[in-house]
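S.K.: Supplied in structure tokens, the structure appears directly below.
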Amino acid sequence: MSRPILFALFYLAVFLQAGAYGLTFMLPRLFDAFGANEKMVGGMLFITTISTLIAVYYSGHLADRFGRLRTLGGACFAIAAALTFYGLAQGVGVLLISASILLGAGWGLTYALPPVVVTRLISAQDRVRYFAILSVAVMTGFGLSPVLASMLEDAGFTIADAFYITAALCALAGLIFFTLTTPIRQQAAAKGPEARSNLSLSAITDIMRSPARLPVIMVCLGASVFAGMNNFQTVFADERGLDYADYFLTYTITVVLFRVVLARFKGGRNPYLTIAALMYVMCGSVVLFLLSGASVPLYLLTAILFGIGYGVSYPILAAMAANDAKETLLPQTLQFFALTYFIGIFGFPLIAGWLIVEAGSATLLLLVAVLAGVEATMALRRSLAVRVNATLQSQ
């Protein structure tokens, strides 16, 4: 199998399974059908968080035992089962809890392992480019699945039908991953057996003592901002008389376009300065949304700015996590990066759901703006430190 076909199939599988996360944005609507509110959505996503963190922590152990591609294939089937259970659920009970556990386990593995697979296929100089393409596949998948759900609703179908369709696509992704096991082994840039991937407490300690601790912390904050803006976007839109599909479609198109451009960009001479600038744009988009009311043009502008700020900064930050990592801990660093990401992605909605019910959506958006500002400032401080070090070395 040629490398272009291999990468095309790999990214296609990533795209197909990524729609599962996008459907978590539809959970408030799905739960509303059987009388559950945003607090229950946050509660179920908290269960998903625990399952995800366990899965990410042990992803290296599973990959070492079964192989990375086989583990990815099995994870896709777990996601397919989870989405089917969500669609079948008629209330809060065993089926819903099982779906949340399976979704967390499957999504944790399918998010943590693809970057590790990609790093084995490419050189260090190409990481930003290939991570950008990987993130395009992920973002397109979970950005378009809410649009699919909206289209199905408009056509007279139910939200549950969107879950069933996406479950079938996830199963197809699992089959593709299984077929790529041998071709990826043959195309590896570094020949020989794969490096050990298992994450341990001692490895985490080493990572947090290395420069990679900054991107690891920052991705958690960024994921919280992303979850705060997107997981309850259907609620925000309903409150303002807007169409959530407009936001997700605009956001997705923006991210895809700018990440395709980024595929030829390696972060510049000071990548952390680039990250800081993008994250201040992200912060500004949240503030704009907080003040924009029911204006459709400002709603679309919010989606564009958030897509530029968060969407473009993420793959650069992921590449910095890899570049800042010790070479002997590269797989573990990427898995820990994914672990802290999921703490934000699935953990923050528990806080967000509570805030919406108890204090209103404006309070949530204000907190999200503060978190975005903190993350941007952390990147700015690192960029200044990099500039000072470069100046000292040149003297």
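Letters A, B, ... go to the chains of the structure tokens in the order shown; residues in each chain start at 1; ligands are counted from 1 in the same order.
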How close does each residue of segment 135-171 of chain A get to segment 112-128 of chain A, giving the shortest atom pair and distance in Å to one decimal for every residue with an atom at most 12 Å away, counting only C-alpha atoms, sorted by chain and residue number, as JSON lines?

M.R.:
{"residue": "A:Ser135", "atom": "CA", "partner": "A:Pro115", "partner_atom": "CA", "distance": 9.5}
{"residue": "A:Ala137", "atom": "CA", "partner": "A:Pro114", "partner_atom": "CA", "distance": 11.2}
{"residue": "A:Val138", "atom": "CA", "partner": "A:Pro114", "partner_atom": "CA", "distance": 10.4}

S.K.: Quick one: residues within 9 Å of Leu367 of chain A, only C-alpha atoms counted, chain neighbours fewer than 4 positions away excluded, as an NGL selection string?

M.R.: :A and (225 or 228 or 362-363 or 371-372)

S.K.: Go through segment 70-94 of chain A and flag each residue having an atom no more than 12 Å from segment 38-57 of chain A; for those, report the closest pair of atoms plus their distance in Å to one decimal, using only C-alpha atoms, ordered by chain and rising number, as a Markdown table.

M.R.:
| residue | atom | partner | partner_atom | distance |
| --- | --- | --- | --- | --- |
| A:Thr71 | CA | A:Ala55 | CA | 11.0 |
| A:Leu72 | CA | A:Ala55 | CA | 11.6 |
| A:Ala75 | CA | A:Ala55 | CA | 9.8 |
| A:Ala78 | CA | A:Ala55 | CA | 11.8 |
| A:Ile79 | CA | A:Thr48 | CA | 11.6 |
| A:Ala82 | CA | A:Thr48 | CA | 10.7 |
| A:Tyr86 | CA | A:Met44 | CA | 11.0 |
| A:Gly91 | CA | A:Met40 | CA | 10.8 |
| A:Val92 | CA | A:Met40 | CA | 8.5 |
| A:Gly93 | CA | A:Met44 | CA | 10.5 |
| A:Val94 | CA | A:Met44 | CA | 11.4 |

S.K.: Please report, as a VMD selection string, each residue of segment 9-246 of chain A to which DSSP assigns helix (DSSP H, G or I) when run on this structure's backbone.

M.R.: chain A and resid 9 to 32 38 to 57 59 to 66 68 to 88 94 to 121 124 to 154 159 to 179 181 to 187 201 to 208 213 to 230 233 to 240 244 to 246

S.K.: In Å, rounded to a single decimal, give me how far atom CA of Gly307 of chain A is from atom CA of Tyr251 of chain A.

M.R.: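 These atoms are spaced 5.1 Å apart.
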
S.K.: Atom CA of Ile133 of chain A and atom CA of Leu305 of chain A, how far apart in Å?

M.R.: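 Separation between atom CA of Leu305 of chain A and atom CA of Ile133 of chain A: 19.9 Å.
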
S.K.: What is the atom CA of Leu365 of chain A to atom CA of Val147 of chain A distance in Å?

M.R.: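 Separating atom CA of Leu365 of chain A from atom CA of Val147 of chain A is a distance of 22.7 Å.
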
S.K.: List every residue of segment 218-304 of chain A that has an atom at most 12 Å from any atom of segment 6-22 of chain A, and for each one report the closest atom pair and its distance in Å to one decimal, counting only C-alpha atoms, with rows sorted by chain and then by increasing residue number, as JSON lines.

M.R.:
{"residue": "A:Phe226", "atom": "CA", "partner": "A:Gly22", "partner_atom": "CA", "distance": 11.9}
{"residue": "A:Ala227", "atom": "CA", "partner": "A:Gly22", "partner_atom": "CA", "distance": 10.8}
{"residue": "A:Asn230", "atom": "CA", "partner": "A:Gly22", "partner_atom": "CA", "distance": 9.0}
{"residue": "A:Asn231", "atom": "CA", "partner": "A:Gly22", "partner_atom": "CA", "distance": 8.6}
{"residue": "A:Phe232", "atom": "CA", "partner": "A:Gly22", "partner_atom": "CA", "distance": 11.6}
{"residue": "A:Gln233", "atom": "CA", "partner": "A:Gly22", "partner_atom": "CA", "distance": 11.4}
{"residue": "A:Ala245", "atom": "CA", "partner": "A:Gly22", "partner_atom": "CA", "distance": 11.8}
{"residue": "A:Phe248", "atom": "CA", "partner": "A:Gly22", "partner_atom": "CA", "distance": 9.5}
{"residue": "A:Leu249", "atom": "CA", "partner": "A:Gly22", "partner_atom": "CA", "distance": 11.8}
{"residue": "A:Thr252", "atom": "CA", "partner": "A:Gly22", "partner_atom": "CA", "distance": 11.0}

S.K.: Using only C-alpha atoms for the distances, tell me which of A:Tyr314, A:Tyr280, A:Phe306, A:Phe336 is nearest to Leu201 of chain A.

M.R.: A:Phe336

S.K.: Can you pull out the residues contacting Val287 of chain A? Cut-off 8 Å, using only C-alpha atoms, and skip same-chain residues under 4 positions away; I want them as a list of chain:residue names.

M.R.: A:Cys283, A:Leu291, A:Leu365, A:Leu366, A:Ala369

S.K.: Please identify all polymer residues within 8 Å of segment 204-220 of chain A, counting only C-alpha atoms, omitting same-chain residues fewer than 4 positions from it, and present them as a ChimeraX atom specification.

M.R.: /A:199-200,224,314,317-318,320-326,329,332-333,336-337,340-345,375,378

S.K.: Just the residues within 7 Å of Tyr272 of chain A, please, counting only C-alpha atoms, with nothing from its chain fewer than 3 positions along; format it as a list of chain:residue names.

M.R.: A:Ile275, A:Ala276, A:Ala379, A:Leu380, A:Arg382, A:Ser383
